[in-house]
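Asker: Take a look at this one; I'll ask things after.
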Amino acid sequence: MSSSRRSRQASSRISDDQITDLISKLRQSIPEIRQNRRSNTVSASKVLQETCNYIRNLNKEADDLSDRLSQLLETIDPNSPQAAIIRSLINE
């Protein structure tokens with residue numbers, strides 16, 4: 001392995017302290033964990049599981065909202081200012 005490749009790999013590694021800090025930030029960001037009185041005792045793997053679940057739920061909610069906006073768009077005048085706003089929301 002070349003030395004430049006080794007140095008790239010070494011510089012892209014995350015230290016244990018950085019991982020601990022990131023897990024702590026996730027604990028504070030995920031409502032299901034944040035609401036737990038003992039959130040600091042939740043394991044890192046549980047934090048990652050809850051984070052994945054939270055992201056999946058957010059994606060579902062975004063899809064549902066997009067569907068609802070599309071349905072609403074079908075019921076209004078396509079040339080109205082409201083239609084333009086809805087189209088901009090759907091396309092973001």
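Residue numbering restarts at 1 in every chain; chains get A, B, ... in the order shown in the structure tokens, and ligands count up from 1 in that same order.
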Please provide the set of residues having any atom within 12 Å of Asp67 in chain A, restricted to only C-alpha atoms, with same-chain residues fewer than 3 positions apart removed, written as a list in words.

Answerer: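 Answer for this query is Lys60, Glu61, Ala62, Asp63, Asp64, Ser70, Gln71, Leu72, Leu73, Glu74, Ile86, Arg87, Leu89, Ile90 and Asn91 of chain A.
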
Asker: Selection from above, C-alpha atoms, as a PDB file, in the first residue's frame, can you write it?

Answerer:
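Full text of again_28.pdb as output:
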```pdb
ATOM      1  CA  LYS A  60     -42.593   8.482   5.148  1.00  0.00           C
ATOM      2  CA  GLU A  61     -44.056  11.729   6.450  1.00  0.00           C
ATOM      3  CA  ALA A  62     -42.433  13.679   3.608  1.00  0.00           C
ATOM      4  CA  ASP A  63     -43.828  11.219   1.056  1.00  0.00           C
ATOM      5  CA  ASP A  64     -47.293  11.418   2.621  1.00  0.00           C
ATOM      6  CA  SER A  70     -50.404  16.475  -5.202  1.00  0.00           C
ATOM      7  CA  GLN A  71     -54.022  15.597  -4.429  1.00  0.00           C
ATOM      8  CA  LEU A  72     -54.709  19.177  -3.373  1.00  0.00           C
ATOM      9  CA  LEU A  73     -53.106  20.475  -6.557  1.00  0.00           C
ATOM     10  CA  GLU A  74     -55.590  18.447  -8.612  1.00  0.00           C
ATOM     11  CA  ILE A  86     -47.872  23.842  -4.021  1.00  0.00           C
ATOM     12  CA  ARG A  87     -45.792  22.956  -7.103  1.00  0.00           C
ATOM     13  CA  LEU A  89     -43.250  22.646  -2.328  1.00  0.00           C
ATOM     14  CA  ILE A  90     -43.581  19.361  -4.195  1.00  0.00           C
ATOM     15  CA  ASN A  91     -40.458  20.011  -6.272  1.00  0.00           C
TER      16      ASN A  91
END
```

Asker: Write out as a PyMOL selection string which residues come within 7 Å of range 24-41 of chain A when counting only C-alpha atoms, dropping same-chain ones fewer than 4 positions away.

Answerer: chain A and resi 20+47+51

Asker: Once you have the residues from the selection above, write them out as a PDB file, in the first residue's frame, restricted to all heavy atoms.

Answerer:
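See part-v2.pdb below for the written result:
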```pdb
ATOM      1  N   THR A  20     -18.042   9.287  20.176  1.00  0.00           N
ATOM      2  CA  THR A  20     -18.796   9.551  21.407  1.00  0.00           C
ATOM      3  C   THR A  20     -19.538  10.870  21.304  1.00  0.00           C
ATOM      4  O   THR A  20     -20.717  10.966  21.686  1.00  0.00           O
ATOM      5  CB  THR A  20     -17.836   9.564  22.617  1.00  0.00           C
ATOM      6  OG1 THR A  20     -17.192   8.289  22.698  1.00  0.00           O
ATOM      7  CG2 THR A  20     -18.571   9.855  23.908  1.00  0.00           C
ATOM      8  N   VAL A  47     -29.090   4.030  20.009  1.00  0.00           N
ATOM      9  CA  VAL A  47     -29.162   5.393  19.456  1.00  0.00           C
ATOM     10  C   VAL A  47     -29.159   5.327  17.932  1.00  0.00           C
ATOM     11  O   VAL A  47     -29.965   5.990  17.265  1.00  0.00           O
ATOM     12  CB  VAL A  47     -28.000   6.281  19.971  1.00  0.00           C
ATOM     13  CG1 VAL A  47     -27.930   7.594  19.216  1.00  0.00           C
ATOM     14  CG2 VAL A  47     -28.135   6.525  21.465  1.00  0.00           C
ATOM     15  N   THR A  51     -32.166   6.362  15.481  1.00  0.00           N
ATOM     16  CA  THR A  51     -31.884   7.369  14.457  1.00  0.00           C
ATOM     17  C   THR A  51     -32.366   6.888  13.099  1.00  0.00           C
ATOM     18  O   THR A  51     -33.023   7.628  12.361  1.00  0.00           O
ATOM     19  CB  THR A  51     -30.380   7.701  14.416  1.00  0.00           C
ATOM     20  OG1 THR A  51     -29.977   8.183  15.696  1.00  0.00           O
ATOM     21  CG2 THR A  51     -30.070   8.734  13.353  1.00  0.00           C
TER      22      THR A  51
END
```

Asker: Could you pull out the residues in range 26-89 of chain A that DSSP calls alpha helix (DSSP H) from the backbone, as a ChimeraX atom specification?

Answerer: /A:26-29,31-34,44-74,81-89
